[in-house]
Every structure is written in C-alpha cells, then in structure tokens.
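Below: input38.cif (mmCIF, C-alpha atoms)
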```
data_target
#
loop_
_atom_site.group_PDB
_atom_site.id
_atom_site.type_symbol
_atom_site.label_atom_id
_atom_site.label_comp_id
_atom_site.auth_asym_id
_atom_site.auth_seq_id
_atom_site.Cartn_x
_atom_site.Cartn_y
_atom_site.Cartn_z
ATOM 1 C CA MET A 1 0.000 0.000 0.000
ATOM 2 C CA LYS A 2 1.426 3.386 -1.036
ATOM 3 C CA ILE A 3 0.312 6.651 0.568
ATOM 4 C CA LYS A 4 0.929 8.568 -2.662
ATOM 5 C CA ARG A 5 -1.591 6.453 -4.587
ATOM 6 C CA ILE A 6 -4.140 6.809 -1.785
ATOM 7 C CA ILE A 7 -3.778 10.599 -1.903
ATOM 8 C CA THR A 8 -4.162 10.581 -5.695
ATOM 9 C CA LEU A 9 -7.299 8.433 -5.535
ATOM 10 C CA LEU A 10 -8.661 10.524 -2.667
ATOM 11 C CA GLY A 11 -8.188 13.787 -4.566
ATOM 12 C CA PHE A 12 -9.763 12.412 -7.734
ATOM 13 C CA ASP A 13 -12.833 11.021 -5.961
ATOM 14 C CA PHE A 14 -13.232 14.104 -3.763
ATOM 15 C CA TYR A 15 -13.099 16.509 -6.702
ATOM 16 C CA HIS A 16 -15.595 14.538 -8.784
ATOM 17 C CA SER A 17 -17.929 13.929 -5.815
ATOM 18 C CA LEU A 18 -18.543 17.664 -5.493
ATOM 19 C CA PHE A 19 -20.135 17.786 -8.945
ATOM 20 C CA ARG A 20 -21.913 14.446 -8.911
ATOM 21 C CA LEU A 21 -25.109 13.237 -7.285
ATOM 22 C CA LYS A 22 -23.360 11.578 -4.340
ATOM 23 C CA GLY A 23 -21.853 14.913 -3.341
ATOM 24 C CA LEU A 24 -24.780 17.169 -4.146
ATOM 25 C CA ALA A 25 -27.194 14.874 -2.288
ATOM 26 C CA PHE A 26 -25.267 15.770 0.848
ATOM 27 C CA LEU A 27 -24.145 19.346 0.205
ATOM 28 C CA ILE A 28 -27.538 20.798 -0.746
ATOM 29 C CA PRO A 29 -29.497 19.545 2.319
ATOM 30 C CA PHE A 30 -26.531 20.311 4.590
ATOM 31 C CA THR A 31 -26.285 23.884 3.305
ATOM 32 C CA LEU A 32 -30.024 24.525 3.550
ATOM 33 C CA PHE A 33 -30.233 23.102 7.066
ATOM 34 C CA TRP A 34 -27.336 25.098 8.484
ATOM 35 C CA TYR A 35 -28.327 28.261 6.643
ATOM 36 C CA GLY A 36 -31.748 28.154 8.297
ATOM 37 C CA THR A 37 -30.355 27.214 11.717
ATOM 38 C CA LEU A 38 -27.614 29.847 11.753
ATOM 39 C CA ARG A 39 -29.968 32.502 10.443
ATOM 40 C CA LEU A 40 -32.268 31.893 13.412
ATOM 41 C CA LEU A 41 -29.325 32.115 15.793
ATOM 42 C CA ASN A 42 -28.220 35.371 14.206
ATOM 43 C CA GLN A 43 -31.693 36.911 14.454
ATOM 44 C CA GLY A 44 -32.130 37.013 18.214
ATOM 45 C CA GLY A 45 -31.210 33.439 18.977
ATOM 46 C CA SER A 46 -28.486 34.374 21.450
ATOM 47 C CA GLU A 47 -30.888 36.397 23.593
ATOM 48 C CA PHE A 48 -33.335 33.508 23.657
ATOM 49 C CA LEU A 49 -30.635 31.023 24.613
ATOM 50 C CA SER A 50 -29.583 33.222 27.523
ATOM 51 C CA SER A 51 -33.142 33.203 28.885
ATOM 52 C CA THR A 52 -34.839 30.631 31.097
ATOM 53 C CA GLU A 53 -36.848 29.356 28.144
ATOM 54 C CA GLY A 54 -33.662 28.736 26.175
ATOM 55 C CA LEU A 55 -32.132 26.895 29.111
ATOM 56 C CA MET A 56 -35.187 24.646 29.412
ATOM 57 C CA LEU A 57 -35.032 23.916 25.689
ATOM 58 C CA ILE A 58 -31.400 22.804 25.890
ATOM 59 C CA THR A 59 -32.207 20.512 28.839
ATOM 60 C CA ARG A 60 -34.217 18.384 26.383
ATOM 61 C CA PHE A 61 -30.886 17.385 24.823
ATOM 62 C CA THR A 62 -28.770 17.136 27.973
ATOM 63 C CA SER A 63 -28.869 17.537 31.751
ATOM 64 C CA LEU A 64 -29.612 20.837 33.512
ATOM 65 C CA GLU A 65 -26.055 21.064 34.865
ATOM 66 C CA VAL A 66 -24.476 20.593 31.444
ATOM 67 C CA ALA A 67 -26.993 22.984 29.846
ATOM 68 C CA GLN A 68 -26.099 25.711 32.338
ATOM 69 C CA ALA A 69 -22.395 25.208 31.665
ATOM 70 C CA LEU A 70 -22.895 25.308 27.900
ATOM 71 C CA LEU A 71 -25.013 28.460 27.872
ATOM 72 C CA ILE A 72 -23.338 30.427 30.662
ATOM 73 C CA LEU A 73 -19.683 29.410 30.763
ATOM 74 C CA HIS A 74 -19.373 29.076 26.972
ATOM 75 C CA PRO A 75 -20.649 31.108 24.011
ATOM 76 C CA PRO A 76 -24.306 30.017 23.657
ATOM 77 C CA THR A 77 -24.328 30.180 19.854
ATOM 78 C CA LEU A 78 -21.431 27.755 19.605
ATOM 79 C CA SER A 79 -22.981 25.532 22.261
ATOM 80 C CA VAL A 80 -26.136 25.229 20.179
ATOM 81 C CA PHE A 81 -23.993 24.551 17.114
ATOM 82 C CA LEU A 82 -22.241 21.758 19.004
ATOM 83 C CA LEU A 83 -25.470 20.175 20.271
ATOM 84 C CA THR A 84 -27.183 20.443 16.889
ATOM 85 C CA ALA A 85 -24.211 19.096 14.955
ATOM 86 C CA LEU A 86 -23.862 16.067 17.225
ATOM 87 C CA THR A 87 -27.591 15.380 16.916
ATOM 88 C CA VAL A 88 -27.777 15.539 13.101
ATOM 89 C CA THR A 89 -24.413 13.880 12.402
ATOM 90 C CA PRO A 90 -25.880 10.417 11.638
ATOM 91 C CA LEU A 91 -28.394 11.868 9.167
ATOM 92 C CA PHE A 92 -25.883 13.882 7.171
ATOM 93 C CA VAL A 93 -23.280 11.118 7.211
ATOM 94 C CA PHE A 94 -25.915 8.794 5.741
ATOM 95 C CA LEU A 95 -26.321 11.299 2.902
ATOM 96 C CA GLY A 96 -22.640 12.095 2.437
ATOM 97 C CA ALA A 97 -20.947 8.703 2.818
ATOM 98 C CA ASN A 98 -23.459 6.296 1.317
ATOM 99 C CA ASN A 99 -21.734 5.756 -2.037
ATOM 100 C CA GLN A 100 -18.132 5.103 -1.084
ATOM 101 C CA LEU A 101 -17.945 1.693 -2.728
ATOM 102 C CA ALA A 102 -21.423 0.494 -3.664
ATOM 103 C CA SER A 103 -22.081 1.811 -7.171
ATOM 104 C CA ASP A 104 -18.570 1.325 -8.563
ATOM 105 C CA ALA A 105 -18.361 -2.174 -7.138
ATOM 106 C CA ALA A 106 -21.666 -3.065 -8.802
ATOM 107 C CA THR A 107 -20.739 -1.642 -12.214
ATOM 108 C CA GLY A 108 -17.233 -3.104 -12.228
ATOM 109 C CA SER A 109 -15.480 0.270 -12.442
ATOM 110 C CA PHE A 110 -12.933 -0.797 -9.858
ATOM 111 C CA ARG A 111 -11.456 -3.283 -12.343
ATOM 112 C CA TYR A 112 -9.767 -0.406 -14.175
ATOM 113 C CA LEU A 113 -8.244 0.917 -10.951
ATOM 114 C CA LEU A 114 -7.083 -2.504 -9.770
ATOM 115 C CA SER A 115 -4.627 -2.667 -12.646
ATOM 116 C CA ARG A 116 -2.723 0.256 -11.087
ATOM 117 C CA CYS A 117 -3.473 0.072 -7.371
ATOM 118 C CA THR A 118 -4.599 -2.360 -4.679
ATOM 119 C CA ARG A 119 -7.995 -2.931 -3.086
ATOM 120 C CA LEU A 120 -6.727 -1.572 0.204
ATOM 121 C CA GLU A 121 -5.667 1.687 -1.429
ATOM 122 C CA ILE A 122 -9.101 2.066 -3.062
ATOM 123 C CA PHE A 123 -10.781 1.225 0.239
ATOM 124 C CA PHE A 124 -8.963 3.863 2.296
ATOM 125 C CA ALA A 125 -9.115 6.492 -0.463
ATOM 126 C CA ARG A 126 -12.897 6.230 -0.715
ATOM 127 C CA PHE A 127 -13.312 6.274 3.066
ATOM 128 C CA LEU A 128 -11.104 9.344 3.458
ATOM 129 C CA SER A 129 -12.736 11.095 0.491
ATOM 130 C CA ALA A 130 -16.191 10.759 2.052
ATOM 131 C CA TYR A 131 -14.889 11.877 5.436
ATOM 132 C CA CYS A 132 -13.049 14.894 4.007
ATOM 133 C CA MET A 133 -16.133 16.128 2.162
ATOM 134 C CA ILE A 134 -18.243 15.966 5.321
ATOM 135 C CA ALA A 135 -15.455 17.422 7.483
ATOM 136 C CA ILE A 136 -14.935 20.424 5.208
ATOM 137 C CA ALA A 137 -18.670 21.139 5.199
ATOM 138 C CA ILE A 138 -18.691 21.007 9.013
ATOM 139 C CA LEU A 139 -15.678 23.324 9.087
ATOM 140 C CA PHE A 140 -17.530 25.997 7.088
ATOM 141 C CA ALA A 141 -20.601 25.655 9.339
ATOM 142 C CA CYS A 142 -18.347 26.066 12.386
ATOM 143 C CA LEU A 143 -16.703 29.174 10.899
ATOM 144 C CA ALA A 144 -20.124 30.720 10.270
ATOM 145 C CA SER A 145 -21.204 29.875 13.831
ATOM 146 C CA THR A 146 -18.028 31.439 15.193
ATOM 147 C CA LEU A 147 -18.616 34.699 13.316
ATOM 148 C CA ILE A 148 -22.201 34.854 14.604
ATOM 149 C CA SER A 149 -20.978 34.128 18.129
ATOM 150 C CA LEU A 150 -18.380 36.903 17.957
ATOM 151 C CA ASP A 151 -21.086 39.327 16.848
ATOM 152 C CA ASN A 152 -23.783 38.328 19.361
ATOM 153 C CA ASP A 153 -22.299 36.544 22.379
ATOM 154 C CA ASN A 154 -20.639 38.395 25.215
ATOM 155 C CA HIS A 155 -17.380 36.451 25.200
ATOM 156 C CA THR A 156 -13.854 37.431 24.307
ATOM 157 C CA LEU A 157 -12.215 36.578 21.004
ATOM 158 C CA SER A 158 -9.821 34.092 22.601
ATOM 159 C CA GLU A 159 -12.616 32.310 24.483
ATOM 160 C CA THR A 160 -14.777 32.073 21.386
ATOM 161 C CA VAL A 161 -12.015 30.820 19.094
ATOM 162 C CA ALA A 162 -10.800 28.279 21.658
ATOM 163 C CA TYR A 163 -14.317 26.905 22.224
ATOM 164 C CA ALA A 164 -15.030 26.841 18.478
ATOM 165 C CA THR A 165 -11.832 24.878 17.869
ATOM 166 C CA GLN A 166 -12.677 22.425 20.625
ATOM 167 C CA SER A 167 -16.244 22.014 19.358
ATOM 168 C CA LEU A 168 -15.014 21.415 15.810
ATOM 169 C CA PHE A 169 -12.601 18.746 17.030
ATOM 170 C CA VAL A 170 -15.370 17.012 18.973
ATOM 171 C CA ILE A 171 -17.773 16.991 16.012
ATOM 172 C CA LEU A 172 -15.144 15.738 13.575
ATOM 173 C CA LEU A 173 -14.181 13.000 16.015
ATOM 174 C CA TYR A 174 -17.829 11.978 16.406
ATOM 175 C CA THR A 175 -18.240 11.906 12.610
ATOM 176 C CA PHE A 176 -15.348 9.490 12.102
ATOM 177 C CA PRO A 177 -17.051 6.235 13.272
ATOM 178 C CA TYR A 178 -20.285 7.083 11.463
ATOM 179 C CA VAL A 179 -18.420 7.334 8.163
ATOM 180 C CA ALA A 180 -16.801 3.985 8.981
ATOM 181 C CA PHE A 181 -20.258 2.543 9.670
ATOM 182 C CA MET A 182 -21.354 3.707 6.228
ATOM 183 C CA THR A 183 -18.268 2.043 4.752
ATOM 184 C CA ILE A 184 -19.600 -1.295 6.019
ATOM 185 C CA MET A 185 -23.003 -0.677 4.460
ATOM 186 C CA SER A 186 -21.519 0.567 1.189
ATOM 187 C CA ALA A 187 -19.266 -2.491 0.944
ATOM 188 C CA LEU A 188 -22.331 -4.696 1.350
ATOM 189 C CA MET A 189 -24.697 -2.986 -1.076
ATOM 190 C CA SER A 190 -24.731 -2.369 -4.823
ATOM 191 C CA SER A 191 -26.432 1.035 -4.948
ATOM 192 C CA ALA A 192 -26.312 4.325 -3.073
ATOM 193 C CA LEU A 193 -30.049 4.311 -2.359
ATOM 194 C CA GLY A 194 -29.876 0.767 -1.061
ATOM 195 C CA THR A 195 -27.002 1.766 1.198
ATOM 196 C CA ILE A 196 -29.027 4.621 2.698
ATOM 197 C CA LEU A 197 -32.060 2.412 3.304
ATOM 198 C CA ILE A 198 -30.171 -0.480 4.869
ATOM 199 C CA SER A 199 -28.070 1.896 6.969
ATOM 200 C CA ALA A 200 -31.163 3.598 8.362
ATOM 201 C CA CYS A 201 -32.791 0.243 9.123
ATOM 202 C CA VAL A 202 -29.678 -1.162 10.829
ATOM 203 C CA TYR A 203 -29.129 2.012 12.847
ATOM 204 C CA ILE A 204 -32.745 2.250 14.010
ATOM 205 C CA ALA A 205 -32.795 -1.464 14.838
ATOM 206 C CA SER A 206 -29.603 -1.021 16.873
ATOM 207 C CA LEU A 207 -31.189 1.847 18.811
ATOM 208 C CA VAL A 208 -34.278 -0.253 19.568
ATOM 209 C CA VAL A 209 -32.167 -3.179 20.786
ATOM 210 C CA ILE A 210 -30.076 -0.870 22.962
ATOM 211 C CA ILE A 211 -33.181 0.750 24.498
ATOM 212 C CA TYR A 212 -34.621 -2.637 25.449
ATOM 213 C CA LEU A 213 -31.429 -4.317 26.660
ATOM 214 C CA HIS A 214 -29.209 -1.563 28.050
ATOM 215 C CA ASN A 215 -30.445 -2.075 31.640
ATOM 216 C CA ASP A 216 -29.527 -5.765 31.592
ATOM 217 C CA TYR A 217 -26.460 -5.437 29.374
ATOM 218 C CA PRO A 218 -24.949 -1.924 29.762
ATOM 219 C CA ALA A 219 -22.069 -2.733 27.422
ATOM 220 C CA ILE A 220 -24.495 -2.997 24.495
ATOM 221 C CA ASN A 221 -24.684 0.819 24.450
ATOM 222 C CA TYR A 222 -21.262 0.870 22.811
ATOM 223 C CA LEU A 223 -22.480 -0.842 19.651
ATOM 224 C CA ILE A 224 -22.960 2.607 18.127
ATOM 225 C CA PRO A 225 -21.010 5.875 18.571
ATOM 226 C CA SER A 226 -23.907 7.714 20.242
ATOM 227 C CA ALA A 227 -22.893 6.036 23.512
ATOM 228 C CA PHE A 228 -20.183 8.716 23.793
ATOM 229 C CA LYS A 229 -22.393 11.658 22.877
ATOM 230 C CA ASP A 230 -22.937 12.831 26.459
ATOM 231 C CA ASP A 231 -19.192 12.695 27.124
ATOM 232 C CA LEU A 232 -18.578 14.888 24.081
ATOM 233 C CA ILE A 233 -21.250 17.419 25.050
ATOM 234 C CA GLY A 234 -19.660 17.884 28.470
ATOM 235 C CA ILE A 235 -16.291 18.736 26.845
ATOM 236 C CA THR A 236 -14.235 18.154 29.967
ATOM 237 C CA ASN A 237 -10.828 16.554 29.956
ATOM 238 C CA ASN A 238 -12.038 13.569 31.978
ATOM 239 C CA ASN A 239 -14.907 12.898 29.584
ATOM 240 C CA LEU A 240 -12.752 13.280 26.480
ATOM 241 C CA THR A 241 -10.164 10.822 27.776
ATOM 242 C CA VAL A 242 -12.926 8.228 27.646
ATOM 243 C CA ALA A 243 -14.635 9.383 24.454
ATOM 244 C CA ILE A 244 -11.565 9.770 22.220
ATOM 245 C CA PRO A 245 -10.185 6.212 22.555
ATOM 246 C CA GLY A 246 -13.723 4.823 22.565
ATOM 247 C CA LEU A 247 -14.708 6.473 19.284
ATOM 248 C CA LEU A 248 -11.386 5.574 17.668
ATOM 249 C CA ALA A 249 -11.820 1.957 18.763
ATOM 250 C CA ILE A 250 -15.313 1.811 17.250
ATOM 251 C CA THR A 251 -13.953 3.314 14.031
ATOM 252 C CA ILE A 252 -11.221 0.678 13.799
ATOM 253 C CA ILE A 253 -13.719 -2.127 14.421
ATOM 254 C CA TYR A 254 -16.123 -0.777 11.800
ATOM 255 C CA LEU A 255 -13.358 -0.327 9.227
ATOM 256 C CA SER A 256 -12.055 -3.824 9.886
ATOM 257 C CA LEU A 257 -15.499 -5.304 9.237
ATOM 258 C CA ALA A 258 -15.895 -3.182 6.110
ATOM 259 C CA TRP A 259 -12.492 -4.287 4.802
ATOM 260 C CA ILE A 260 -13.325 -7.974 5.351
ATOM 261 C CA ILE A 261 -16.519 -7.532 3.327
ATOM 262 C CA PHE A 262 -14.892 -5.485 0.569
ATOM 263 C CA ARG A 263 -11.887 -7.813 0.269
ATOM 264 C CA ARG A 264 -14.156 -10.804 -0.360
ATOM 265 C CA ARG A 265 -16.423 -9.021 -2.805
ATOM 266 C CA ASN A 266 -16.217 -9.954 -6.470
ATOM 267 C CA LEU A 267 -15.200 -6.797 -8.321
#
```
structure tokens encoding of this file:
Amino acid sequence: MKIKRIITLLGFDFYHSLFRLKGLAFLIPFTLFWYGTLRLLNQGGSEFLSSTEGLMLITRFTSLEVAQALLILHPPTLSVFLLTALTVTPLFVFLGANNQLASDAATGSFRYLLSRCTRLEIFFARFLSAYCMIAIAILFACLASTLISLDNDNHTLSETVAYATQSLFVILLYTFPYVAFMTIMSALMSSALGTILISACVYIASLVVIIYLHNDYPAINYLIPSAFKDDLIGITNNNLTVAIPGLLAITIIYLSLAWIIFRRRNL
C-alpha cells in the first residue's frame, strides 16, 4: 500500500464527488439546514438562549447542569452549534458517505483501478474522500457559527475561538465512526439508495435493541457511537479521555469489518 496512490485516488474522488449526485445529495441539504439554523441564531437566537426558556429547551438534549455550563460558561451560539451538529451527524453522514464503494463495485469500475493500485488503497481512499467532504462542510458551518458568536455573544475573542476549535474537534471525532459505519453498508450494497435504506434500518434497529437491553447489558450501548455523545457534550478533559479512545476503537472495528466484506467481494 502506497500513501501517494491513496492521496491521488482521494483527490480524484473528492473533486468529482462535489459535482456528482453523491456529493450534491449531501451538500444541498446540509447547506439549507445550516443556513436556516444559523440565520435563526443570528436573528435574536443568542438572547433567547440566555433566557430561562432557552435553558429549558437545551435541557431536552442534555442535563440541567451541562446545559447551564454550555449556555453560561461558553458562548451560547457555539454551544447550540455543538449540540445540533452532534444530533444531526448520523443523518448527514448517511447522505454524504453512502456511495463510497457500492455503485462502482456493482458496475465493475474498480477493475480499471485494480490494474494500477490495490484494493486496500481504493478502500482507504474512498473512506477518506467521504470523510473529508463531510469534514470540510462542518468546518464551514463552524466558521459561520463562530462569526455569529463573535457578533452576538458576550465572550472574548480568545474564548470564542478556543471553544469553536474544541467544538469542531469534537464533532469531527464523532463523525469518524459514522463514516466507517457507512463504509460497512456501502461495501455490502450495490447502490447508493440501497445503502441509505439499509443503513437507516440497521441504525434504528440497533437503537431499539439498545433501548430494550441496556439495563440488563450496559455494554451494548457501545455498539454505536452515540454512547459517547454525552461525554462529548460535556467537553471536559475527563470525559474526552474516555470518548476519544472509545470512538477511535469503534472506528477501527467498523473499518475492519468493512475491509473484510470489501476484500471478499467480487469486483
């Protein structure tokens, strides 16, 4: 496996994804969603978040103690960006990473690439291409949130930039295993639409199983990355020391399963 070939494949797929259906199917909904959300935050959202009603709204996503810390100790606009991004990450990853391998494996397009590179290089290039597209989109949303926060929130520039950087890191880390999960589904399926449907079904089924069995088998919570969501929202060093290795471990497990499936697939 050569890093140079992976980078070449990554750049080619990333560039062409931006102008094809698999990229536009993610970028258009992502842009519309964050445009509407950030516009609301810019038009009086910060004042609402600083009120009791805003605090009660945030407690629907987390505990009262964490909500108070997010809205009082940190810039409220960026806190809402963090909470919202973590909540919608699975949805947008389903849209942005569904066609890593499926369509090309079904049509036999990989046969042309296999004469010049290995399966493993194709596998990692497609995974990283999907992740980079989603990560760059999140980066722009974070930059917009930071500008709104600097204009509306009563926090210093250094505080705002530091919290924005930390929030961006947390969201990108949380995105990583979800893209790997989609790699498994894409390696299994032969179409992008089929990948989205099966991914949604598997994810919802996993949530149902976890809800019913987590009291008897607490470890089952760690089947999916959302088990670490509360640790990421808290953004304390103690929580992150648990969440970072946990999310990376899930990513490695998912990618290993995806590679086993893709390696055995007839291309």
* All residues 9 Å or closer to Leu173 of chain A, all atoms listed in the file, same chain fewer than 6 positions away omitted, as an MDAnalysis selection string -> chainID A and resid 244 247:248
Rows by chain and residue number, segment 198-226 of chain A within 10 Å of segment 187-194 of chain A, shortest pair, all atoms listed in the file, as CSV:
```
residue,atom,partner,partner_atom,distance
A:Ile198,CA,A:Gly194,CA,6.1
A:Ser199,CA,A:Gly194,CA,8.3
A:Ala200,CA,A:Gly194,CA,9.9
```
Next, the residues of the selection above should be written as a PDB file, in the coordinates of the input with C-alpha atoms.
```
ATOM      1  CA  ILE A 198     -30.171  -0.480   4.869  1.00  0.00           C
ATOM      2  CA  SER A 199     -28.070   1.896   6.969  1.00  0.00           C
ATOM      3  CA  ALA A 200     -31.163   3.598   8.362  1.00  0.00           C
TER       4      ALA A 200
END
```
* Asked: Which neighbours of Leu101 of chain A fall inside 8 Å, counting all atoms listed in the file, when residues of the same chain fewer than 6 positions from it are skipped, and could you give them as a list of chain:residue names?
  ->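 Non-adjacent residues within range: A:Phe123, A:Arg126, A:Thr183, A:Ser186, A:Ala187.
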* To do: Rank nothing, just name the residue among A:Ser167, A:Thr195, A:Thr146, A:Thr84 nearest to Lys22 of chain A, using only C-alpha atoms.
  =>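 So, comparing all the options, the nearest one is A:Thr195.
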* To do: Considering only C-alpha atoms, return as a PyMOL selection string whatever protein or nucleic-acid residues lie within 9 Å of segment 26-39 of chain A, sequence-local ones (same chain, fewer than 3 positions apart) excluded.
  => chain A and resi 18+21-23+42-43+45+77+81+92-97+133-134+137+141+144-145+148
* Between atom CA of Arg119 of chain A and atom CA of Ile136 of chain A, distance in Å (one decimal) ->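 Separation of atom CA of Arg119 of chain A and atom CA of Ile136 of chain A: 25.7 Å.
Counting from atom CA of His74 of chain A, the distance to atom CA of Ile233 of chain A is 12.0 Å.
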* Pull out every residue that the PyMOL selection byres ((chain A and resi 152-162) around 10) matches in the shown coordinates and put them as a ChimeraX atom specification. => /A:41-47,50,73-78,143,146-151,163-168
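Taking all atoms listed in the file into account, Tyr222 of chain A lies nearest to A:Ala249 out of the set A:Ile196, A:Ala249, A:Ile7, A:Val208.
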* **Residue with smallest distance to Leu70 of chain A - pool A:Met182, A:Phe14, A:Pro90, A:Leu83, counting all atoms listed in the file** =>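 Looking only at the distances to Leu70 of chain A, the closest residue turns out to be A:Leu83.
Reported to one decimal place, the separation of atom CA of Phe140 of chain A from atom CA of Phe127 of chain A is 20.6 Å.
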